[in-house]
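Asks: Okay, handing you the structure first.
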Amino acid sequence: MAGLAASGSNPDVELLYDINGLAKDAPQWFDRVMEYVGEFGLLIAMVLLVLWCWWSVRRRGGEDGASSVAALVWAPLAAGIAVLVNVPIRGFVERPRPFLDHQGLDVLVAGKTDFSFVSDHATITMAMGVGLFVTNRKFGLIGIGLALLEGFCRVYMGVHYPTDVIGGFALGTAVTLLLSPVASALLTPVMKAVERSPRAGWLIRSRKVSSCDGAVVPGARTENADAEERDLAA
(Lines give C-alpha, C1' and ligand atoms only; values in the text may rest on other atoms or scores of the structure.)
Protein backbone atom coordinates (compact mmCIF):
# COMPACT_ATOMS: atom_id res chain seq x y z
CA MET A 1 0.00 0.00 0.00
CA ALA A 2 2.93 2.33 -0.57
CA GLY A 3 1.06 4.09 -3.33
CA LEU A 4 -1.86 4.79 -1.04
CA ALA A 5 0.37 6.20 1.65
CA ALA A 6 2.10 8.44 -0.86
CA SER A 7 -1.25 9.70 -2.12
CA GLY A 8 -2.02 11.35 1.19
CA SER A 9 -5.70 11.99 1.76
CA ASN A 10 -6.68 11.97 -1.90
CA PRO A 11 -10.18 10.41 -1.86
CA ASP A 12 -9.96 9.54 -5.56
CA VAL A 13 -6.90 7.35 -5.01
CA GLU A 14 -8.22 5.94 -1.73
CA LEU A 15 -11.45 4.84 -3.41
CA LEU A 16 -9.43 3.37 -6.27
CA TYR A 17 -7.48 1.19 -3.84
CA ASP A 18 -10.62 0.23 -1.92
CA ILE A 19 -12.51 -0.92 -5.02
CA ASN A 20 -9.53 -2.50 -6.76
CA GLY A 21 -8.62 -4.22 -3.49
CA LEU A 22 -11.78 -6.31 -3.94
CA ALA A 23 -10.10 -7.91 -6.98
CA LYS A 24 -7.21 -9.11 -4.84
CA ASP A 25 -9.54 -10.85 -2.42
CA ALA A 26 -11.79 -12.38 -5.10
CA PRO A 27 -11.21 -15.79 -6.74
CA GLN A 28 -9.33 -15.75 -10.02
CA TRP A 29 -12.36 -16.98 -11.98
CA PHE A 30 -14.41 -14.06 -10.67
CA ASP A 31 -11.73 -11.60 -11.79
CA ARG A 32 -11.82 -13.16 -15.26
CA VAL A 33 -15.59 -12.71 -15.35
CA MET A 34 -15.29 -9.07 -14.25
CA GLU A 35 -12.61 -8.51 -16.89
CA TYR A 36 -14.88 -9.74 -19.67
CA VAL A 37 -17.97 -7.98 -18.31
CA GLY A 38 -16.15 -4.67 -17.88
CA GLU A 39 -14.35 -4.78 -21.21
CA PHE A 40 -17.00 -6.25 -23.53
CA GLY A 41 -20.00 -7.74 -21.74
CA LEU A 42 -21.78 -4.59 -20.62
CA LEU A 43 -21.29 -2.91 -23.99
CA ILE A 44 -22.92 -5.92 -25.66
CA ALA A 45 -25.69 -5.90 -23.05
CA MET A 46 -26.35 -2.21 -23.77
CA VAL A 47 -26.66 -2.86 -27.51
CA LEU A 48 -29.06 -5.73 -26.85
CA LEU A 49 -31.09 -3.49 -24.54
CA VAL A 50 -31.41 -0.87 -27.29
CA LEU A 51 -32.59 -3.56 -29.71
CA TRP A 52 -35.09 -4.84 -27.14
CA CYS A 53 -36.43 -1.33 -26.64
CA TRP A 54 -36.71 -0.85 -30.42
CA TRP A 55 -38.65 -4.11 -30.70
CA SER A 56 -41.02 -2.98 -27.96
CA VAL A 57 -41.58 0.45 -29.52
CA ARG A 58 -42.09 -1.11 -32.94
CA ARG A 59 -44.70 -3.59 -31.70
CA ARG A 60 -46.57 -0.92 -29.76
CA GLY A 61 -46.88 1.33 -32.80
CA GLY A 62 -48.98 4.45 -32.32
CA GLU A 63 -48.79 7.95 -33.74
CA ASP A 64 -45.53 8.66 -31.90
CA GLY A 65 -43.79 5.56 -33.28
CA ALA A 66 -41.50 7.51 -35.62
CA SER A 67 -40.47 10.02 -32.96
CA SER A 68 -39.83 7.22 -30.45
CA VAL A 69 -37.61 5.32 -32.88
CA ALA A 70 -35.83 8.59 -33.71
CA ALA A 71 -35.06 9.09 -30.01
CA LEU A 72 -33.88 5.50 -29.81
CA VAL A 73 -31.59 5.89 -32.83
CA TRP A 74 -30.10 8.93 -31.13
CA ALA A 75 -28.88 6.83 -28.18
CA PRO A 76 -26.00 5.04 -30.01
CA LEU A 77 -25.31 8.12 -32.12
CA ALA A 78 -24.93 10.19 -28.95
CA ALA A 79 -22.50 7.61 -27.58
CA GLY A 80 -20.38 7.86 -30.72
CA ILE A 81 -20.36 11.66 -30.65
CA ALA A 82 -19.47 11.67 -26.94
CA VAL A 83 -16.45 9.43 -27.62
CA LEU A 84 -15.32 11.83 -30.35
CA VAL A 85 -15.68 14.74 -27.94
CA ASN A 86 -13.58 12.80 -25.46
CA VAL A 87 -10.60 12.63 -27.86
CA PRO A 88 -9.49 16.27 -27.37
CA ILE A 89 -10.37 16.10 -23.67
CA ARG A 90 -8.00 13.16 -23.16
CA GLY A 91 -5.29 14.91 -25.12
CA PHE A 92 -5.69 18.10 -23.08
CA VAL A 93 -5.79 16.48 -19.62
CA GLU A 94 -3.16 13.79 -20.36
CA ARG A 95 -3.84 11.84 -17.19
CA PRO A 96 -1.83 8.59 -17.01
CA ARG A 97 -3.50 5.32 -16.15
CA PRO A 98 -3.63 4.77 -12.38
CA PHE A 99 -1.36 1.71 -12.44
CA LEU A 100 1.44 3.85 -13.89
CA ASP A 101 1.51 6.19 -10.90
CA HIS A 102 0.42 3.92 -8.05
CA GLN A 103 1.95 0.68 -6.88
CA GLY A 104 0.10 -2.40 -5.69
CA LEU A 105 -2.92 -2.29 -8.00
CA ASP A 106 -4.32 -5.53 -9.39
CA VAL A 107 -4.66 -4.70 -13.11
CA LEU A 108 -6.97 -7.14 -14.86
CA VAL A 109 -6.50 -5.83 -18.40
CA ALA A 110 -3.04 -5.43 -19.91
CA GLY A 111 -2.02 -3.20 -22.79
CA LYS A 112 -3.79 0.02 -21.78
CA THR A 113 -1.35 2.70 -22.93
CA ASP A 114 -3.67 5.63 -23.66
CA PHE A 115 -4.69 8.33 -21.21
CA SER A 116 -7.15 7.68 -18.40
CA PHE A 117 -9.48 10.72 -18.21
CA VAL A 118 -12.26 10.31 -19.16
CA SER A 119 -13.36 6.69 -19.43
CA ASP A 120 -14.67 5.79 -22.90
CA HIS A 121 -16.60 2.82 -21.52
CA ALA A 122 -18.36 4.96 -18.92
CA THR A 123 -19.08 7.63 -21.54
CA ILE A 124 -20.59 5.19 -24.04
CA THR A 125 -22.77 3.28 -21.61
CA MET A 126 -24.12 6.36 -19.83
CA ALA A 127 -24.84 8.14 -23.13
CA MET A 128 -26.84 5.14 -24.30
CA GLY A 129 -28.54 4.74 -20.93
CA VAL A 130 -29.69 8.37 -20.86
CA GLY A 131 -30.74 8.11 -24.51
CA LEU A 132 -32.85 5.09 -23.63
CA PHE A 133 -34.37 6.98 -20.69
CA VAL A 134 -35.52 9.72 -23.07
CA THR A 135 -37.34 7.08 -25.11
CA ASN A 136 -38.61 4.77 -22.37
CA ARG A 137 -38.11 5.21 -18.63
CA LYS A 138 -38.17 1.50 -17.84
CA PHE A 139 -35.48 0.62 -20.37
CA GLY A 140 -33.62 3.81 -19.49
CA LEU A 141 -33.37 2.92 -15.82
CA ILE A 142 -32.00 -0.49 -16.76
CA GLY A 143 -29.50 1.16 -19.09
CA ILE A 144 -28.35 3.66 -16.47
CA GLY A 145 -27.96 0.78 -14.03
CA LEU A 146 -25.73 -1.03 -16.54
CA ALA A 147 -23.69 2.16 -16.99
CA LEU A 148 -23.14 2.45 -13.23
CA LEU A 149 -22.03 -1.18 -13.16
CA GLU A 150 -19.65 -0.48 -16.04
CA GLY A 151 -18.09 2.37 -14.10
CA PHE A 152 -17.57 0.14 -11.08
CA CYS A 153 -15.97 -2.54 -13.24
CA ARG A 154 -13.48 -0.09 -14.77
CA VAL A 155 -12.22 0.91 -11.32
CA TYR A 156 -12.32 -2.71 -10.11
CA MET A 157 -10.14 -3.68 -13.07
CA GLY A 158 -7.53 -1.08 -12.08
CA VAL A 159 -7.61 0.83 -15.38
CA HIS A 160 -9.44 3.99 -14.28
CA TYR A 161 -9.73 6.34 -11.34
CA PRO A 162 -13.26 6.90 -9.95
CA THR A 163 -13.15 10.48 -11.27
CA ASP A 164 -12.43 9.10 -14.76
CA VAL A 165 -15.70 7.24 -14.54
CA ILE A 166 -17.62 10.20 -13.10
CA GLY A 167 -16.26 12.38 -15.89
CA GLY A 168 -17.42 9.81 -18.44
CA PHE A 169 -20.90 9.76 -16.91
CA ALA A 170 -21.07 13.56 -17.04
CA LEU A 171 -19.81 13.72 -20.63
CA GLY A 172 -22.19 11.05 -21.91
CA THR A 173 -25.17 12.65 -20.16
CA ALA A 174 -24.33 16.16 -21.35
CA VAL A 175 -23.87 15.21 -25.00
CA THR A 176 -27.07 13.14 -25.06
CA LEU A 177 -29.31 15.75 -23.42
CA LEU A 178 -27.84 18.92 -24.91
CA LEU A 179 -27.96 17.66 -28.50
CA SER A 180 -31.22 15.75 -28.12
CA PRO A 181 -33.49 18.56 -29.48
CA VAL A 182 -31.33 18.96 -32.59
CA ALA A 183 -31.14 15.19 -33.09
CA SER A 184 -34.91 14.87 -32.71
CA ALA A 185 -35.53 17.63 -35.26
CA LEU A 186 -33.24 15.91 -37.77
CA LEU A 187 -34.08 12.25 -37.15
CA THR A 188 -37.87 12.39 -36.72
CA PRO A 189 -38.62 13.42 -40.35
CA VAL A 190 -36.26 10.67 -41.54
CA MET A 191 -38.05 8.07 -39.41
CA LYS A 192 -41.45 9.28 -40.65
CA ALA A 193 -40.24 8.86 -44.23
CA VAL A 194 -39.05 5.35 -43.39
CA GLU A 195 -42.43 4.61 -41.78
CA ARG A 196 -44.22 5.52 -45.03
CA SER A 197 -41.94 3.29 -47.07
CA PRO A 198 -43.61 0.02 -48.15
CA ARG A 199 -40.34 -1.87 -47.81
CA ALA A 200 -38.73 -0.28 -44.74
CA GLY A 201 -41.84 0.68 -42.80
CA TRP A 202 -41.54 -2.44 -40.62
CA LEU A 203 -38.52 -0.81 -38.96
CA ILE A 204 -40.84 1.75 -37.36
CA ARG A 205 -44.13 -0.10 -37.01
CA SER A 206 -44.96 -3.78 -36.88
CA ARG A 207 -46.93 -5.00 -39.88
CA LYS A 208 -49.42 -6.55 -37.50
CA VAL A 209 -49.99 -3.16 -35.89
CA SER A 210 -50.30 -1.49 -39.29
CA SER A 211 -52.88 -4.01 -40.47
CA CYS A 212 -54.86 -3.58 -37.28
CA ASP A 213 -54.88 0.20 -37.75
CA GLY A 214 -56.69 -0.15 -41.04
CA ALA A 215 -58.92 -3.09 -40.07
CA VAL A 216 -62.69 -2.77 -39.97
CA VAL A 217 -64.46 -4.28 -36.99
CA PRO A 218 -67.21 -6.69 -38.08
CA GLY A 219 -70.63 -5.09 -37.75
CA ALA A 220 -69.24 -1.57 -37.52
CA ARG A 221 -70.66 1.16 -39.75
CA THR A 222 -68.14 3.14 -41.77
CA GLU A 223 -68.45 6.80 -42.73
CA ASN A 224 -68.69 5.89 -46.45
CA ALA A 225 -71.55 3.47 -45.83
CA ASP A 226 -73.46 6.10 -43.83
CA ALA A 227 -72.91 8.65 -46.58
CA GLU A 228 -74.24 6.24 -49.25
CA GLU A 229 -77.38 5.56 -47.22
CA ARG A 230 -78.01 9.31 -46.85
CA ASP A 231 -77.65 9.76 -50.64
CA LEU A 232 -80.11 6.96 -51.34
CA ALA A 233 -82.61 8.39 -48.89
CA ALA A 234 -82.43 11.76 -50.61
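Simple scheme: letters A, B, ... for chains in C-alpha coordinates order, numbers from 1 for residues in each chain, numbers from 1 for ligands in the order shown.
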May I have the residues within 9 Å of Leu203 of chain A as an MDAnalysis selection string, using only C-alpha atoms and disregarding those fewer than 6 positions away in the same chain?
Replies: chainID A and resid 54:55 58 69 191 194:195
Asks: Restricting the output to all heavy atoms, write the selected residues as a PDB file, in the first residue's frame.
Replies:
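part-v8.pdb written:
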```
ATOM      1  N   TRP A  54     -36.199  -1.094 -29.063  1.00  0.00           N
ATOM      2  CA  TRP A  54     -36.711  -0.849 -30.417  1.00  0.00           C
ATOM      3  C   TRP A  54     -37.822  -1.833 -30.759  1.00  0.00           C
ATOM      4  O   TRP A  54     -38.851  -1.453 -31.332  1.00  0.00           O
ATOM      5  CB  TRP A  54     -35.568  -0.972 -31.427  1.00  0.00           C
ATOM      6  CG  TRP A  54     -36.050  -1.138 -32.841  1.00  0.00           C
ATOM      7  CD1 TRP A  54     -36.574  -0.168 -33.654  1.00  0.00           C
ATOM      8  CD2 TRP A  54     -36.078  -2.350 -33.600  1.00  0.00           C
ATOM      9  NE1 TRP A  54     -36.933  -0.704 -34.863  1.00  0.00           N
ATOM     10  CE2 TRP A  54     -36.648  -2.042 -34.859  1.00  0.00           C
ATOM     11  CE3 TRP A  54     -35.686  -3.667 -33.337  1.00  0.00           C
ATOM     12  CZ2 TRP A  54     -36.809  -3.002 -35.837  1.00  0.00           C
ATOM     13  CZ3 TRP A  54     -35.851  -4.622 -34.327  1.00  0.00           C
ATOM     14  CH2 TRP A  54     -36.403  -4.287 -35.560  1.00  0.00           C
ATOM     15  N   TRP A  55     -37.635  -3.104 -30.425  1.00  0.00           N
ATOM     16  CA  TRP A  55     -38.655  -4.109 -30.705  1.00  0.00           C
ATOM     17  C   TRP A  55     -39.958  -3.796 -29.969  1.00  0.00           C
ATOM     18  O   TRP A  55     -41.040  -3.952 -30.517  1.00  0.00           O
ATOM     19  CB  TRP A  55     -38.131  -5.483 -30.300  1.00  0.00           C
ATOM     20  CG  TRP A  55     -39.033  -6.617 -30.684  1.00  0.00           C
ATOM     21  CD1 TRP A  55     -39.930  -7.280 -29.883  1.00  0.00           C
ATOM     22  CD2 TRP A  55     -39.145  -7.224 -31.976  1.00  0.00           C
ATOM     23  NE1 TRP A  55     -40.574  -8.261 -30.587  1.00  0.00           N
ATOM     24  CE2 TRP A  55     -40.117  -8.255 -31.879  1.00  0.00           C
ATOM     25  CE3 TRP A  55     -38.511  -7.004 -33.197  1.00  0.00           C
ATOM     26  CZ2 TRP A  55     -40.467  -9.042 -32.966  1.00  0.00           C
ATOM     27  CZ3 TRP A  55     -38.857  -7.794 -34.271  1.00  0.00           C
ATOM     28  CH2 TRP A  55     -39.826  -8.798 -34.148  1.00  0.00           C
ATOM     29  N   ARG A  58     -41.577  -0.718 -31.626  1.00  0.00           N
ATOM     30  CA  ARG A  58     -42.092  -1.108 -32.945  1.00  0.00           C
ATOM     31  C   ARG A  58     -43.395  -1.882 -32.827  1.00  0.00           C
ATOM     32  O   ARG A  58     -44.336  -1.662 -33.587  1.00  0.00           O
ATOM     33  CB  ARG A  58     -41.026  -1.947 -33.651  1.00  0.00           C
ATOM     34  CG  ARG A  58     -41.459  -2.577 -34.960  1.00  0.00           C
ATOM     35  CD  ARG A  58     -40.317  -3.377 -35.557  1.00  0.00           C
ATOM     36  NE  ARG A  58     -40.762  -4.183 -36.665  1.00  0.00           N
ATOM     37  CZ  ARG A  58     -41.256  -5.418 -36.550  1.00  0.00           C
ATOM     38  NH1 ARG A  58     -41.370  -5.958 -35.335  1.00  0.00           N
ATOM     39  NH2 ARG A  58     -41.639  -6.099 -37.616  1.00  0.00           N
ATOM     40  N   VAL A  69     -38.740   5.997 -32.235  1.00  0.00           N
ATOM     41  CA  VAL A  69     -37.611   5.322 -32.875  1.00  0.00           C
ATOM     42  C   VAL A  69     -36.484   6.317 -33.139  1.00  0.00           C
ATOM     43  O   VAL A  69     -35.299   5.985 -33.008  1.00  0.00           O
ATOM     44  CB  VAL A  69     -38.060   4.628 -34.167  1.00  0.00           C
ATOM     45  CG1 VAL A  69     -36.858   4.052 -34.921  1.00  0.00           C
ATOM     46  CG2 VAL A  69     -39.065   3.521 -33.861  1.00  0.00           C
ATOM     47  N   MET A 191     -37.319   9.252 -39.864  1.00  0.00           N
ATOM     48  CA  MET A 191     -38.047   8.073 -39.407  1.00  0.00           C
ATOM     49  C   MET A 191     -39.483   8.054 -39.944  1.00  0.00           C
ATOM     50  O   MET A 191     -40.034   6.990 -40.238  1.00  0.00           O
ATOM     51  CB  MET A 191     -38.058   8.020 -37.878  1.00  0.00           C
ATOM     52  CG  MET A 191     -36.684   7.816 -37.241  1.00  0.00           C
ATOM     53  SD  MET A 191     -35.837   6.306 -37.779  1.00  0.00           S
ATOM     54  CE  MET A 191     -34.555   7.007 -38.842  1.00  0.00           C
ATOM     55  N   VAL A 194     -39.243   6.791 -43.416  1.00  0.00           N
ATOM     56  CA  VAL A 194     -39.046   5.345 -43.386  1.00  0.00           C
ATOM     57  C   VAL A 194     -40.352   4.642 -43.065  1.00  0.00           C
ATOM     58  O   VAL A 194     -40.677   3.592 -43.641  1.00  0.00           O
ATOM     59  CB  VAL A 194     -37.964   4.977 -42.347  1.00  0.00           C
ATOM     60  CG1 VAL A 194     -37.870   3.467 -42.176  1.00  0.00           C
ATOM     61  CG2 VAL A 194     -36.610   5.540 -42.755  1.00  0.00           C
ATOM     62  N   GLU A 195     -41.152   5.210 -42.164  1.00  0.00           N
ATOM     63  CA  GLU A 195     -42.429   4.610 -41.781  1.00  0.00           C
ATOM     64  C   GLU A 195     -43.390   4.526 -42.965  1.00  0.00           C
ATOM     65  O   GLU A 195     -44.169   3.579 -43.093  1.00  0.00           O
ATOM     66  CB  GLU A 195     -43.060   5.417 -40.649  1.00  0.00           C
ATOM     67  CG  GLU A 195     -44.341   4.832 -40.101  1.00  0.00           C
ATOM     68  CD  GLU A 195     -44.907   5.652 -38.977  1.00  0.00           C
ATOM     69  OE1 GLU A 195     -44.564   6.854 -38.863  1.00  0.00           O
ATOM     70  OE2 GLU A 195     -45.705   5.110 -38.191  1.00  0.00           O
TER      71      GLU A 195
END
```
Asks: Which residues of segment 76-190 of chain A sit at most 8 Å from segment 33-47 of chain A, using only C-alpha atoms? Give each one's shortest atom pair and distance in Å (one decimal place), in chain and ascending residue order, as a tab-separated table.
Replies:
```
residue	atom	partner	partner_atom	distance
A:Leu108	CA	A:Glu35	CA	6.1
A:Val109	CA	A:Glu35	CA	6.8
A:His121	CA	A:Leu43	CA	7.8
A:Thr125	CA	A:Leu43	CA	6.8
A:Met128	CA	A:Met46	CA	7.4
A:Gly129	CA	A:Met46	CA	7.8
A:Gly143	CA	A:Met46	CA	6.6
A:Leu146	CA	A:Leu42	CA	6.7
A:Ala147	CA	A:Leu42	CA	7.9
A:Glu150	CA	A:Gly38	CA	5.8
A:Cys153	CA	A:Gly38	CA	5.1
A:Arg154	CA	A:Gly38	CA	6.1
A:Met157	CA	A:Glu35	CA	6.6
```
Asks: Just write the chosen residues, N, CA and C atoms, as a tab-separated table (two decimals), in the first residue's frame.
Replies:
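File written: again-v5.tsv
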```tsv
chain	number	residue	atom	x	y	z
A	108	LEU	N	-6.40	-5.97	-14.21
A	108	LEU	CA	-6.97	-7.14	-14.86
A	108	LEU	C	-6.84	-7.12	-16.37
A	109	VAL	N	-6.61	-5.95	-16.95
A	109	VAL	CA	-6.50	-5.83	-18.40
A	109	VAL	C	-5.15	-5.22	-18.74
A	121	HIS	N	-15.55	3.79	-21.84
A	121	HIS	CA	-16.60	2.82	-21.52
A	121	HIS	C	-17.72	3.47	-20.70
A	125	THR	N	-21.63	3.93	-22.26
A	125	THR	CA	-22.77	3.28	-21.61
A	125	THR	C	-23.73	4.29	-21.00
A	128	MET	N	-25.78	6.01	-23.81
A	128	MET	CA	-26.84	5.14	-24.30
A	128	MET	C	-27.93	4.96	-23.26
A	129	GLY	N	-27.55	4.88	-21.99
A	129	GLY	CA	-28.54	4.74	-20.93
A	129	GLY	C	-29.46	5.94	-20.84
A	143	GLY	N	-30.72	0.73	-18.43
A	143	GLY	CA	-29.50	1.16	-19.09
A	143	GLY	C	-28.59	1.97	-18.19
A	146	LEU	N	-26.86	-0.36	-15.88
A	146	LEU	CA	-25.73	-1.03	-16.54
A	146	LEU	C	-24.53	-0.10	-16.65
A	147	ALA	N	-24.79	1.18	-16.89
A	147	ALA	CA	-23.69	2.16	-16.99
A	147	ALA	C	-22.98	2.30	-15.64
A	150	GLU	N	-20.83	-0.60	-15.19
A	150	GLU	CA	-19.65	-0.48	-16.04
A	150	GLU	C	-18.60	0.39	-15.37
A	153	CYS	N	-16.88	-1.53	-12.68
A	153	CYS	CA	-15.97	-2.54	-13.24
A	153	CYS	C	-14.66	-1.92	-13.70
A	154	ARG	N	-14.72	-0.71	-14.28
A	154	ARG	CA	-13.48	-0.09	-14.77
A	154	ARG	C	-12.52	0.23	-13.63
A	157	MET	N	-11.16	-3.11	-12.20
A	157	MET	CA	-10.14	-3.68	-13.07
A	157	MET	C	-8.80	-2.95	-12.96
```
Asks: Residues within 9 Å of Pro96 of chain A, please, as a list in words. Count only C-alpha atoms; anything in the same chain fewer than 6 positions from it doesn't count.
Replies: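 Once the adjacent positions are removed, what remains is Thr113, Asp114, Phe115, Ser116 and Phe117 of chain A.
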Asks: Please dump the current selection as a PDB file, in the first residue's frame; keep N, CA, C and O atoms.
Replies:
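Final output, again.pdb:
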```
ATOM      1  N   THR A 113      -2.432   1.725 -22.850  1.00  0.00           N
ATOM      2  CA  THR A 113      -1.353   2.702 -22.926  1.00  0.00           C
ATOM      3  C   THR A 113      -1.851   4.126 -23.158  1.00  0.00           C
ATOM      4  O   THR A 113      -1.053   5.065 -23.123  1.00  0.00           O
ATOM      5  N   ASP A 114      -3.155   4.289 -23.417  1.00  0.00           N
ATOM      6  CA  ASP A 114      -3.674   5.632 -23.657  1.00  0.00           C
ATOM      7  C   ASP A 114      -3.952   6.332 -22.335  1.00  0.00           C
ATOM      8  O   ASP A 114      -3.748   5.772 -21.258  1.00  0.00           O
ATOM      9  N   PHE A 115      -4.437   7.565 -22.409  1.00  0.00           N
ATOM     10  CA  PHE A 115      -4.690   8.329 -21.205  1.00  0.00           C
ATOM     11  C   PHE A 115      -5.964   7.858 -20.515  1.00  0.00           C
ATOM     12  O   PHE A 115      -6.821   7.183 -21.118  1.00  0.00           O
ATOM     13  N   SER A 116      -6.117   8.241 -19.264  1.00  0.00           N
ATOM     14  CA  SER A 116      -7.152   7.683 -18.398  1.00  0.00           C
ATOM     15  C   SER A 116      -8.430   8.509 -18.343  1.00  0.00           C
ATOM     16  O   SER A 116      -9.520   7.959 -18.250  1.00  0.00           O
ATOM     17  N   PHE A 117      -8.317   9.838 -18.381  1.00  0.00           N
ATOM     18  CA  PHE A 117      -9.477  10.716 -18.211  1.00  0.00           C
ATOM     19  C   PHE A 117      -9.943  11.227 -19.574  1.00  0.00           C
ATOM     20  O   PHE A 117      -9.158  11.800 -20.330  1.00  0.00           O
TER      21      PHE A 117
END
```
Asks: May I have the residues within 12 Å of Ala193 of chain A as number ranges by chain, using only C-alpha atoms and disregarding those fewer than 2 positions away in the same chain?
Replies: A: 65-67, 70, 186-191, 195-204
Asks: Pick the closest to Leu179 of chain A from A:Leu149, A:Leu105, A:Lys192, A:Leu77: which is it, counting only C-alpha atoms?
Replies: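 Distance minimum relative to Leu179 of chain A lands on A:Leu77.
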Asks: Of the candidates A:Gly167, A:Gly172, A:Ala122, A:Lys138, which one gets nearest to Val93 of chain A if we count only C-alpha atoms?
Replies: A:Gly167
Asks: If we count only C-alpha atoms and set the cut-off at 8 Å, which residues sit around Leu132 of chain A, ignoring sequence neighbours fewer than 5 positions away in its own chain? Please answer as a ChimeraX atom specification.
Replies: /A:50,53,71-72,75,137,139-140,143
Asks: Write the selection just made, keeping N, CA and C atoms, as a PDB file, in the first residue's frame?
Replies:
```pdb
ATOM      1  N   VAL A  50     -30.892  -1.812 -26.292  1.00  0.00           N
ATOM      2  CA  VAL A  50     -31.412  -0.873 -27.290  1.00  0.00           C
ATOM      3  C   VAL A  50     -32.276  -1.609 -28.310  1.00  0.00           C
ATOM      4  N   CYS A  53     -35.568  -2.507 -26.723  1.00  0.00           N
ATOM      5  CA  CYS A  53     -36.435  -1.327 -26.639  1.00  0.00           C
ATOM      6  C   CYS A  53     -37.024  -1.001 -28.006  1.00  0.00           C
ATOM      7  N   ALA A  71     -35.741   8.914 -31.296  1.00  0.00           N
ATOM      8  CA  ALA A  71     -35.059   9.095 -30.009  1.00  0.00           C
ATOM      9  C   ALA A  71     -34.188   7.897 -29.686  1.00  0.00           C
ATOM     10  N   LEU A  72     -34.640   6.717 -30.083  1.00  0.00           N
ATOM     11  CA  LEU A  72     -33.875   5.502 -29.814  1.00  0.00           C
ATOM     12  C   LEU A  72     -32.623   5.434 -30.685  1.00  0.00           C
ATOM     13  N   ALA A  75     -29.665   7.363 -29.304  1.00  0.00           N
ATOM     14  CA  ALA A  75     -28.880   6.832 -28.181  1.00  0.00           C
ATOM     15  C   ALA A  75     -27.493   6.354 -28.613  1.00  0.00           C
ATOM     16  N   ARG A 137     -38.694   5.122 -19.969  1.00  0.00           N
ATOM     17  CA  ARG A 137     -38.107   5.209 -18.631  1.00  0.00           C
ATOM     18  C   ARG A 137     -37.695   3.848 -18.093  1.00  0.00           C
ATOM     19  N   PHE A 139     -36.726   1.052 -19.734  1.00  0.00           N
ATOM     20  CA  PHE A 139     -35.483   0.624 -20.368  1.00  0.00           C
ATOM     21  C   PHE A 139     -34.338   1.564 -19.999  1.00  0.00           C
ATOM     22  N   GLY A 140     -34.651   2.855 -19.851  1.00  0.00           N
ATOM     23  CA  GLY A 140     -33.619   3.812 -19.494  1.00  0.00           C
ATOM     24  C   GLY A 140     -33.025   3.556 -18.128  1.00  0.00           C
ATOM     25  N   GLY A 143     -30.720   0.730 -18.425  1.00  0.00           N
ATOM     26  CA  GLY A 143     -29.498   1.156 -19.093  1.00  0.00           C
ATOM     27  C   GLY A 143     -28.586   1.967 -18.186  1.00  0.00           C
TER      28      GLY A 143
END
```
Asks: Identify which of the residues A:Leu141, A:Leu148, A:Leu177, A:Val107 lies closest to Asp31 of chain A, counting only C-alpha atoms when measuring atom-to-atom distances.
Replies: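 Distance minimum relative to Asp31 of chain A lands on A:Val107.
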